[in-house]
Structure formats: structure tokens, C-alpha cells
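J.: File coords-v3.cif follows (mmCIF, C-alpha atoms and all ligand atoms):
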```cif
data_structure
#
loop_
_atom_site.label_atom_id
_atom_site.label_comp_id
_atom_site.auth_asym_id
_atom_site.auth_seq_id
_atom_site.Cartn_x
_atom_site.Cartn_y
_atom_site.Cartn_z
CA MET C 1 175.81 180.19 124.92
CA SER C 2 173.36 180.55 127.75
CA HIS C 3 171.79 177.53 129.49
CA VAL C 4 168.46 178.31 127.80
CA GLU C 5 170.00 178.28 124.29
CA ILE C 6 171.73 174.90 124.91
CA TYR C 7 168.46 173.49 126.18
CA VAL C 8 166.53 174.68 123.03
CA HIS C 9 169.31 173.41 120.76
CA ASP C 10 169.24 169.94 122.37
CA GLN C 11 165.46 169.79 122.14
CA THR C 12 165.57 170.54 118.38
CA ARG C 13 168.15 167.78 117.93
CA VAL C 14 165.90 165.29 119.72
CA VAL C 15 162.90 166.25 117.55
CA VAL C 16 164.97 166.01 114.32
CA GLY C 17 166.33 162.65 115.53
CA ILE C 18 162.85 161.25 116.12
CA TYR C 19 161.70 162.54 112.74
CA CYS C 20 164.64 160.90 110.92
CA PHE C 21 164.07 157.63 112.75
CA LYS C 22 160.41 157.67 111.71
CA MET C 23 161.37 158.33 108.07
CA ILE C 24 163.87 155.43 108.03
CA PHE C 25 161.20 153.19 109.52
CA GLN C 26 158.64 154.17 106.88
CA LEU C 27 161.21 153.76 104.10
CA PHE C 28 162.04 150.28 105.35
CA PHE C 29 158.37 149.19 105.27
CA ALA C 30 157.82 150.74 101.82
CA VAL C 31 160.82 148.84 100.39
CA ARG C 32 159.58 145.64 102.04
CA ARG C 33 156.12 146.12 100.51
CA CYS C 34 157.72 146.66 97.09
CA PHE C 35 159.68 143.39 97.34
CA GLN C 36 156.53 141.55 98.43
CA GLU C 37 154.61 142.91 95.40
CA MET C 38 157.44 141.92 93.06
CA LYS C 39 157.49 138.42 94.54
CA ASN C 40 153.70 138.05 94.10
CA CYS C 41 153.95 139.24 90.49
CA ARG C 42 156.67 136.73 89.70
CA ARG C 43 154.61 133.91 91.30
CA GLU C 44 151.57 134.92 89.23
CA ASN C 45 153.59 134.89 85.99
CA THR C 46 155.34 131.58 86.51
CA SER C 47 152.37 129.50 87.71
CA THR C 48 150.72 127.23 85.10
CA SER C 49 147.28 125.66 84.76
CA ARG C 50 148.58 122.73 86.81
CA GLU C 51 148.20 124.89 89.89
CA PRO C 52 144.91 126.69 89.34
CA ASP C 53 144.11 129.43 91.78
CA PHE C 54 140.56 129.39 93.08
CA GLY C 55 141.29 132.25 95.45
CA GLY C 56 141.44 132.03 99.22
CA THR C 57 142.38 128.36 99.08
CA GLU C 58 144.96 127.20 101.54
CA ASN C 59 147.76 125.60 99.57
CA PHE C 60 148.27 122.01 100.72
CA ALA C 61 150.10 121.10 97.53
CA SER C 62 153.60 119.76 97.68
CA SER C 63 155.48 117.94 94.94
CA PRO C 64 153.67 115.81 92.35
CA ALA C 65 152.68 112.35 93.57
CA THR C 66 154.92 109.54 92.38
CA LEU C 67 154.71 105.91 91.40
CA THR C 68 158.36 105.15 91.94
CA ASP C 69 159.03 105.58 95.63
CA TYR C 70 156.92 102.67 96.78
CA GLU C 71 159.54 100.97 98.98
CA SER C 72 159.10 103.65 101.64
CA LEU C 73 155.38 103.82 100.91
CA LEU C 74 154.96 100.07 101.55
CA LYS C 75 156.95 100.33 104.80
CA LYS C 76 154.86 103.29 105.98
CA ASN C 77 151.69 101.44 105.01
CA GLU C 78 152.75 98.32 106.92
CA ASP C 79 153.40 100.32 110.11
CA THR C 80 150.08 102.22 109.98
CA CYS C 81 148.15 99.13 109.02
CA LYS C 82 149.00 97.33 112.25
CA ARG C 83 146.51 99.63 114.01
CA TYR C 84 143.73 98.89 111.54
CA LYS C 85 144.13 95.12 111.07
CA PHE C 86 140.70 93.55 110.97
CA ALA C 87 141.73 90.87 113.47
CA SER C 88 142.75 93.42 116.09
CA GLY C 89 139.36 94.25 117.58
CA TRP C 90 137.39 95.79 114.69
CA THR C 91 133.81 94.64 114.26
CA LYS C 92 131.59 94.93 111.18
CA VAL C 93 128.60 97.21 111.80
CA ARG C 94 126.91 97.35 108.36
CA VAL C 95 127.40 97.56 104.61
CA LEU C 96 127.85 101.15 103.37
CA GLY C 97 128.04 100.47 99.66
CA GLU C 98 127.88 97.54 97.33
CA GLY C 99 128.37 96.94 93.58
CA GLY C 100 130.29 95.17 90.87
CA PHE C 101 133.49 96.49 92.49
CA GLY C 102 133.03 94.68 95.84
CA LYS C 103 131.74 96.02 99.17
CA VAL C 104 132.28 98.89 101.58
CA PHE C 105 131.74 98.10 105.28
CA LEU C 106 131.47 100.26 108.36
CA LEU C 107 133.83 98.94 111.06
CA ARG C 108 133.92 99.96 114.67
CA LYS C 109 136.43 99.61 117.52
CA LYS C 110 135.23 101.22 120.74
CA LYS C 111 134.32 104.79 119.67
CA THR C 112 136.39 104.77 116.48
CA LYS C 113 134.69 104.14 113.15
CA ILE C 114 136.33 103.48 109.79
CA ALA C 115 135.09 102.40 106.37
CA ARG C 116 136.62 99.34 104.74
CA LYS C 117 136.37 98.95 100.98
CA CYS C 118 137.35 95.55 99.59
CA VAL C 119 137.87 95.17 95.82
CA LEU C 120 139.44 92.79 93.36
CA SER C 121 142.91 94.13 92.75
CA GLN C 122 143.83 94.79 89.10
CA PRO C 123 147.53 94.24 88.53
CA THR C 124 149.25 97.02 86.57
CA GLU C 125 152.65 97.31 84.95
CA TYR C 126 153.95 98.29 88.40
CA GLY C 127 152.69 95.05 89.94
CA PHE C 128 149.71 96.45 91.84
CA SER C 129 146.73 98.69 91.31
CA SER C 130 147.67 102.36 91.20
CA GLU C 131 144.48 103.34 93.11
CA LYS C 132 146.09 102.79 96.50
CA ILE C 133 149.46 104.23 95.44
CA ILE C 134 147.75 107.42 94.32
CA HIS C 135 145.22 107.63 97.15
CA ILE C 136 147.71 107.05 100.02
CA GLN C 137 149.70 110.12 98.87
CA MET C 138 146.70 112.44 99.10
CA SER C 139 146.44 114.65 102.17
CA HIS C 140 143.87 117.45 102.08
CA PRO C 141 140.72 118.27 104.14
CA ASN C 142 138.54 117.70 101.03
CA VAL C 143 140.07 114.39 100.00
CA LEU C 144 139.01 111.19 101.77
CA LYS C 145 141.85 109.90 103.93
CA LEU C 146 143.16 106.44 103.10
CA TYR C 147 144.74 105.16 106.33
CA CYS C 148 146.23 102.01 104.85
CA TRP C 149 145.48 99.00 102.70
CA GLU C 150 145.77 95.24 103.22
CA GLN C 151 146.35 92.89 100.33
CA LYS C 152 145.37 89.19 100.44
CA ALA C 153 145.86 87.31 97.15
CA ASN C 154 143.96 89.34 94.54
CA ILE C 155 141.71 91.16 97.03
CA VAL C 156 142.75 94.53 98.38
CA CYS C 157 140.99 96.17 101.33
CA PHE C 158 141.25 99.92 101.89
CA ASN C 159 140.83 101.27 105.40
CA LEU C 160 139.26 104.67 104.94
CA GLU C 161 138.06 107.68 106.89
CA TYR C 162 134.32 107.20 107.59
CA CYS C 163 131.79 109.79 106.34
CA SER C 164 128.55 109.42 108.28
CA ARG C 165 126.39 111.42 105.82
CA GLY C 166 127.35 109.05 102.99
CA ASP C 167 127.62 110.22 99.39
CA ILE C 168 126.05 113.41 97.99
CA ALA C 169 123.97 111.48 95.43
CA SER C 170 121.93 109.81 98.16
CA HIS C 171 120.79 113.11 99.74
CA LEU C 172 120.66 115.26 96.62
CA ILE C 173 116.84 115.57 96.69
CA ASP C 174 116.68 117.53 99.95
CA LEU C 175 119.93 119.43 99.50
CA GLU C 176 119.55 123.16 100.28
CA GLU C 177 121.05 125.78 97.96
CA LYS C 178 123.52 127.05 100.56
CA ASP C 179 124.82 123.52 101.16
CA ALA C 180 124.99 122.90 97.40
CA LYS C 181 127.20 126.00 96.98
CA SER C 182 129.37 125.10 99.95
CA TYR C 183 129.81 121.51 98.67
CA PHE C 184 130.79 122.85 95.25
CA LYS C 185 133.37 125.24 96.72
CA GLN C 186 134.86 122.39 98.75
CA LEU C 187 134.90 120.15 95.69
CA LEU C 188 136.95 122.78 93.81
CA ASP C 189 139.38 123.06 96.73
CA GLY C 190 139.90 119.28 96.70
CA VAL C 191 140.25 119.13 92.90
CA THR C 192 142.78 122.00 92.95
CA TYR C 193 144.89 120.03 95.42
CA ILE C 194 144.68 116.77 93.45
CA HIS C 195 145.74 118.53 90.23
CA ALA C 196 148.59 120.30 91.98
CA ARG C 197 149.88 116.84 92.86
CA GLY C 198 149.88 115.83 89.19
CA ILE C 199 146.86 113.55 89.52
CA VAL C 200 143.61 113.56 87.53
CA HIS C 201 140.61 111.85 89.18
CA ARG C 202 138.51 111.07 86.06
CA ASP C 203 135.45 109.83 87.95
CA LEU C 204 134.12 112.87 89.78
CA LYS C 205 130.37 112.49 90.39
CA PRO C 206 128.04 112.91 93.42
CA GLU C 207 128.37 109.16 94.24
CA ASN C 208 132.10 109.68 94.77
CA LEU C 209 131.73 112.78 96.95
CA LEU C 210 131.26 111.81 100.59
CA VAL C 211 130.12 114.09 103.40
CA THR C 212 131.12 113.97 107.07
CA LYS C 213 128.77 114.75 109.96
CA ASP C 214 130.12 118.36 109.90
CA LYS C 215 129.24 118.74 106.19
CA VAL C 216 132.82 118.52 105.00
CA VAL C 217 133.07 117.15 101.45
CA LYS C 218 135.61 114.40 100.80
CA ILE C 219 136.55 113.34 97.29
CA SER C 220 136.72 109.54 97.21
CA ASP C 221 137.27 106.62 94.86
CA PHE C 222 140.59 106.93 93.04
CA GLY C 223 139.85 103.77 91.02
CA LEU C 224 140.17 105.60 87.67
CA ALA C 225 142.70 108.23 88.75
CA ASP C 226 146.00 108.56 86.92
CA PHE C 227 149.17 110.62 86.77
CA PHE C 228 149.26 113.47 84.26
CA ILE C 229 152.67 114.64 85.46
CA VAL C 230 155.35 111.98 85.03
CA ASN C 231 159.00 112.74 85.81
CA GLY C 232 158.13 116.42 86.03
CA LYS C 233 156.54 116.55 82.56
CA GLU C 234 152.88 116.85 81.65
CA ILE C 235 151.63 113.90 79.61
CA ARG C 236 148.41 113.39 77.58
CA LEU C 237 146.11 110.54 78.45
CA THR C 238 144.33 108.12 76.13
CA GLU C 239 141.99 105.82 78.11
CA LYS C 240 138.29 106.44 77.49
CA VAL C 241 137.24 106.02 81.13
CA GLY C 242 134.75 107.61 83.51
CA THR C 243 130.98 107.76 84.00
CA GLU C 244 129.28 108.65 80.70
CA SER C 245 127.15 111.64 81.75
CA TYR C 246 130.16 113.28 83.51
CA MET C 247 132.66 112.70 80.69
CA PRO C 248 133.75 115.65 78.52
CA PRO C 249 133.62 115.56 74.70
CA GLU C 250 137.37 114.98 74.36
CA VAL C 251 137.09 111.70 76.32
CA LEU C 252 133.70 110.59 75.02
CA GLN C 253 133.99 111.38 71.33
CA SER C 254 136.07 108.93 69.31
CA HIS C 255 137.83 111.49 67.08
CA TRP C 256 139.78 112.83 70.06
CA LYS C 257 142.72 110.45 70.53
CA ARG C 258 144.54 112.06 73.47
CA TYR C 259 143.44 114.48 76.14
CA GLN C 260 144.87 116.72 78.86
CA GLY C 261 144.20 115.64 82.48
CA PRO C 262 142.80 118.59 84.54
CA PRO C 263 140.15 119.85 82.05
CA VAL C 264 138.42 116.46 82.33
CA ASP C 265 137.80 116.96 86.06
CA LEU C 266 136.74 120.60 85.60
CA TRP C 267 134.09 119.47 83.11
CA ALA C 268 132.79 116.92 85.65
CA CYS C 269 132.70 119.73 88.27
CA GLY C 270 130.43 121.68 85.88
CA ILE C 271 128.02 118.73 85.53
CA ILE C 272 128.08 118.19 89.32
CA PHE C 273 127.35 121.89 89.93
CA PHE C 274 124.36 121.79 87.56
CA LYS C 275 123.11 118.67 89.36
CA LEU C 276 123.58 120.16 92.85
CA MET C 277 121.64 123.30 91.87
CA THR C 278 118.84 121.77 89.77
CA LYS C 279 118.72 118.07 90.84
CA ARG C 280 118.90 117.19 87.12
CA LYS C 281 121.65 116.37 84.68
CA PRO C 282 122.13 118.81 81.77
CA TRP C 283 122.39 116.00 79.19
CA SER C 284 123.07 112.28 79.00
CA ARG C 285 126.16 112.41 76.75
CA ALA C 286 128.39 115.26 75.60
CA ASP C 287 127.83 114.22 72.02
CA LEU C 288 126.01 115.98 69.16
CA ASP C 289 123.58 113.03 68.91
CA ASP C 290 122.27 114.14 72.32
CA LYS C 291 119.50 116.75 71.85
CA GLU C 292 120.29 118.81 74.98
CA TYR C 293 124.03 118.78 74.39
CA LYS C 294 123.50 119.83 70.75
CA MET C 295 121.47 122.79 72.04
CA TRP C 296 124.27 123.66 74.48
CA VAL C 297 126.69 123.88 71.54
CA GLU C 298 124.36 125.45 68.96
CA ASN C 299 121.40 127.14 70.64
CA ARG C 300 122.05 128.15 74.25
CA LYS C 301 119.23 130.68 74.40
CA GLY C 302 116.75 127.92 73.52
CA LEU C 303 118.26 125.62 76.14
CA TYR C 304 117.96 128.31 78.85
CA LYS C 305 114.15 128.14 78.49
CA LYS C 306 114.12 124.48 79.54
CA ASP C 307 113.52 123.06 83.04
CA GLY C 308 116.62 123.15 85.18
CA TRP C 309 118.36 125.85 83.10
CA LYS C 310 115.62 128.41 83.65
CA GLU C 311 116.11 128.11 87.43
CA LEU C 312 119.71 129.35 87.13
CA ASN C 313 120.57 133.04 87.16
CA LYS C 314 123.01 134.72 84.77
CA ALA C 315 126.02 134.43 87.10
CA LEU C 316 125.52 130.69 87.57
CA ARG C 317 125.09 130.18 83.82
CA THR C 318 128.33 132.10 83.23
CA LEU C 319 130.14 129.81 85.64
CA LEU C 320 128.73 126.80 83.79
CA LYS C 321 129.83 128.27 80.45
CA LEU C 322 133.41 128.37 81.77
CA LEU C 323 133.39 124.83 83.15
CA LEU C 324 131.34 123.19 80.38
CA GLU C 325 133.33 124.73 77.53
CA PRO C 326 133.37 122.05 74.79
CA ASN C 327 136.90 122.99 73.70
CA PRO C 328 139.24 121.65 76.44
CA THR C 329 141.95 124.21 75.66
CA GLN C 330 139.47 127.05 76.29
CA ARG C 331 137.96 125.50 79.42
CA ILE C 332 138.62 127.21 82.73
CA CYS C 333 141.15 125.55 85.02
CA GLY C 334 140.93 128.04 87.85
CA TRP C 335 138.86 131.15 88.34
CA ARG C 336 141.18 133.20 86.14
CA ARG C 337 142.90 130.86 83.79
CA VAL C 338 141.99 128.56 80.94
CA CYS C 339 143.59 125.18 80.41
CA ARG C 340 145.57 126.25 77.33
CA HIS C 341 149.36 125.96 77.47
P1 LIG N 401 131.22 102.49 92.03
O1 LIG N 401 131.86 101.76 90.91
O2 LIG N 401 129.74 102.22 92.18
O3 LIG N 401 131.52 103.97 92.02
P2 LIG N 401 133.32 102.09 93.78
O4 LIG N 401 134.17 100.94 93.53
O5 LIG N 401 133.68 103.28 93.07
O6 LIG N 401 131.84 101.89 93.36
P3 LIG N 401 133.22 103.68 96.17
O7 LIG N 401 132.70 104.77 95.32
O8 LIG N 401 134.51 103.91 96.85
O9 LIG N 401 133.28 102.33 95.36
O10 LIG N 401 132.13 103.31 97.28
C1 LIG N 401 130.81 102.94 96.91
C2 LIG N 401 129.84 103.61 97.86
O11 LIG N 401 130.07 103.20 99.24
C3 LIG N 401 129.90 105.12 97.88
O12 LIG N 401 129.13 105.71 96.83
C4 LIG N 401 129.35 105.46 99.28
O13 LIG N 401 127.93 105.46 99.29
C5 LIG N 401 129.84 104.28 100.14
N1 LIG N 401 131.11 104.62 100.81
C6 LIG N 401 132.34 104.41 100.31
N2 LIG N 401 133.29 104.84 101.14
C7 LIG N 401 132.67 105.37 102.20
C8 LIG N 401 133.11 106.03 103.40
N3 LIG N 401 134.39 106.21 103.63
N4 LIG N 401 132.19 106.48 104.28
C9 LIG N 401 130.86 106.31 104.02
N5 LIG N 401 130.38 105.70 102.90
C10 LIG N 401 131.26 105.23 101.99
MG MG N 402 132.41 105.08 93.34
#
```
How does the structure come out when it is put into C-alpha cells?
T.:
Amino acid sequence: MSHVEIYVHDQTRVVVGIYCFKMIFQLFFAVRRCFQEMKNCRRENTSTSREPDFGGTENFASSPATLTDYESLLKKNEDTCKRYKFASGWTKVRVLGEGGFGKVFLLRKKKTKIARKCVLSQPTEYGFSSEKIIHIQMSHPNVLKLYCWEQKANIVCFNLEYCSRGDIASHLIDLEEKDAKSYFKQLLDGVTYIHARGIVHRDLKPENLLVTKDKVVKISDFGLADFFIVNGKEIRLTEKVGTESYMPPEVLQSHWKRYQGPPVDLWACGIIFFKLMTKRKPWSRADLDDKEYKMWVENRKGLYKKDGWKELNKALRTLLKLLLEPNPTQRICGWRRVCRH
């Protein structure tokens, strides 16, 4: 074999080598993609309505919240609370909210501001109100942060993240459409997280949605919240609680004895969305005695000619149809799923 032939032979081998290497590389990535797809498929099939998927939402969910592990919770609370003790340099600036429940104050220490809500503590079968036990376990950008609580006799004070724009209800009148849509999207993100932790809020309304200076929505007030996952199992709830115009038929109407947790909050999200977009409420009570609600159930076309409804386009009405579905088992729990099991 001449020198030239050896040279050509070697060159061919190098080219074939590179080609094979490239093929193996491509094969590897194709197999990897296949596994990824299979994994996604399996995740899609095994997820339930407890973890609704609103699309593009970062998943902050971990295990369901719990009522049992409060030894460590109390210890953690005690440690954090040392920093927020009223005696240690905090001064009262003004009252942020007031009502039958008690008061919410704005407190300041140098440049730091917090809100302090003081309420009469209702003892439960676990010895203390579950509001703080539930709220302290929440950690999501769209859920108001509870730093710690302090209990003195039957008064409990919550030290909370401060939201300088206050609640949505108080600036609803001059709310722009783009902010309304952004607030609604954030509300759904927060609600998705709360449900993934096995908690139902049961009092979602603009008064309980606070806004920071950067227009970040924070779900607040866990006073009526409860567990719908207990010991890993979904339970039905019975208490007829909430704010009347935001309550779904299955909670409001007496012939329903027990109800599923998440659909209740999704209904309230529907009422909130209508209110954010039209500055009105769709009806006073989700009951057939209510004229507007009766029209919603029996004559939607007629209702769409009324003030508020006629301002909404077809896409927004479709969204409302999914959220304000009278049958809780048909109601949407995420963009793609209904609450049926
Ligand atoms: P209600 O029964 O009227 O709903 P409540 O016991 O539920 O009262 P909250 O909803 O927690 O109490 O607070 C009442 C009001 O105080 C809110 O609607 C809001 O205007 C104000 N407020 C509460 N917490 C904060 C906060 N962290 N930052 C700013 N304002 C707040
Ligand atoms: Mg409230």
C-alpha cells in the first residue's frame, strides 16, 4: 500500500468515526426526550383535582399542611416571635382595619413595617384556633406571610407581612382592566398553592385580598380556613360558613349536607373575577329565590343583556361559566380539569 492510499484510508476512518459519534449522540438525546415525555404523561395521569394545573405556575406545593405537628411549630414560632415582640421597639403607626373581629394595626421599627392583627381566640378541639396553625404553614408569593403569633389569655395577635395598598375592595372603583386580570391570575396561583396543601380558604373576597406596593396580591385571613385532606385522605366539610354573596350553592342551600373543599374557593374566584371586571356582584345569593341567580341557572341569554354582564366578552363569560358552575362536581378546578373524582 502506498503512502497516499494509507492516508486516504485513515481519513475515511476518521470521517466514519465522527459520523458514528454524532449518531450515538443524537440517539442518546432522542431516548432522553422519550423518557421525559413518558414521565410527563405519567404525572398528568396520576394528578388529581387537589393539585389543579393553571399552567405556567411555579409549584411551591409540598406535603399537605398538618394539625398534628404543633410541638415543633410552637418552638419555631417562639424563636421567630422574639424579633417581633411588641415590647422590643415596635411602635403603633395607625389602625389598618377594624371590625367585630378586633383590630389590625400598622407597626414600625426603624424602616421595617409589619401589620398586627389582634383577635379573640376561639378554642378548638386542638386547644387553640386553627387559623394560626394553618396560616403559619403557608409559604407562597401570593399568600400573606404570617411571621408569628403571640397569645395572651384569650387574645391572639398575628404579626403579618404589611401590604401598603391595603385590600382590593377599597380600590376596586379605580382598578384598571390590566390590573384586574393580573390580580385574578395571582389569586388563582395562590389558591392553587393553598389547595395543594390540603387547605380550603372558604372566605375569599376582595376584602381578604391584600396588595403590596409592587401590586403583588396576597391572600389573607385564614379565619374560616380548614383542612380538606386529613391523614392523607380527602374529607367532606359540613359548616355553612363564608360571606353570603361569595358562597356557592352547595354551602348556601340547606339541602346540601356536605361539600367538597376546593370547588368552594373556585366559585368565590368566579364572583371575585366578575367583581374585578365589572365593579358589581353578579347576584346577592346563589339561591333560586334570587332573581339574577335564577336567570344564571335558567336564562343566561337574558342575563347577558343586563348591566355588568353585557360588558364582558364571550371568552370572559366562558371562564365565568366554568367557575360559576352550579354543580360542584362539574365546576372547574384548574384550567383543564373539573372537580369530579
Ligand atoms: P373581617 O371579618 O371584616 O373580614 P377579619 O377578621 O377577617 O375581618 P382581616 O381580613 O385579616 O380581618 O383584616 C381586616 C382588614 O384590615 C383587611 O380587610 C385590610 O383592609 C386590613 N389589613 C389586614 N391585614 C393587613 C395587612 N397585612 N396589611 C395591610 N392591611 C391589612
Ligand atoms: Mg377579613
J.: Please identify every polymer residue within 9 Å of ligand LIG 401 (chain N), using only C-alpha atoms and all ligand atoms, and present the set as a ChimeraX atom specification.
T.: /C:95-106,114-119,144-146,159-170,203,205-212,218,220-224,243
J.: Considering all atoms listed in the file, state which residue in the set C:Glu78, C:Pro141, C:Leu204, C:Ile134 is at the smallest distance from ligand MG 402 (chain N).
T.: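 Looking only at the distances to ligand MG 402 (chain N), the closest residue turns out to be C:Leu204.
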J.: Which residues are close to segment 239-241 of chain C, i.e. within 10 Å by all atoms listed in the file, leaving aside same-chain residues fewer than 2 positions away? Reply as an MDAnalysis selection string.
T.: chainID C and resid 202:203 224:225 236:237 243:244 247 250:254 256:259
J.: Can you measure atom CA of Phe228 of chain C to atom CA of Leu266 of chain C for me? One decimal in Å is fine.
T.: 14.5 Å
J.: For Trp309 of chain C, work out the shell of residues within 9 Å, counting all atoms listed in the file and skipping chain neighbours fewer than 4 positions away, then give it as number ranges by chain.
T.: C: 274, 278, 282, 303-305, 313, 317
J.: Please, could you write that set of residues out with C-alpha atoms as a PDB file, keeping the file's coordinate frame?
T.:
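Wrote it out as result-v4.pdb, contents follow:
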```
ATOM      1  CA  PHE C 274     124.360 121.790  87.560  1.00  0.00           C
ATOM      2  CA  THR C 278     118.840 121.770  89.770  1.00  0.00           C
ATOM      3  CA  PRO C 282     122.130 118.810  81.770  1.00  0.00           C
ATOM      4  CA  LEU C 303     118.260 125.620  76.140  1.00  0.00           C
ATOM      5  CA  TYR C 304     117.960 128.310  78.850  1.00  0.00           C
ATOM      6  CA  LYS C 305     114.150 128.140  78.490  1.00  0.00           C
ATOM      7  CA  ASN C 313     120.570 133.040  87.160  1.00  0.00           C
ATOM      8  CA  ARG C 317     125.090 130.180  83.820  1.00  0.00           C
TER       9      ARG C 317
END
```
J.: Hey, can you check how far atom CA of Lys281 of chain C sits from atom CA of Tyr193 of chain C?
T.: 25.9 Å
J.: Calculate how many Å separate atom CA of Thr112 of chain C from atom CA of Cys148 of chain C, rounding to one decimal.
T.: 15.5 Å
J.: Of the candidates C:Ala286, C:Ala315, C:Val297, C:Ile133, which one gets nearest to Ala268 of chain C if we count all atoms listed in the file?
T.: C:Ala286
J.: Ranking C:Lys178, C:Arg280, C:Lys233, C:His201 by minimum distance to ligand MG 402 (chain N) and counting only C-alpha atoms and all ligand atoms, which one comes first?
T.: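 Answer, going by the shortest atom-to-atom distance: C:His201.
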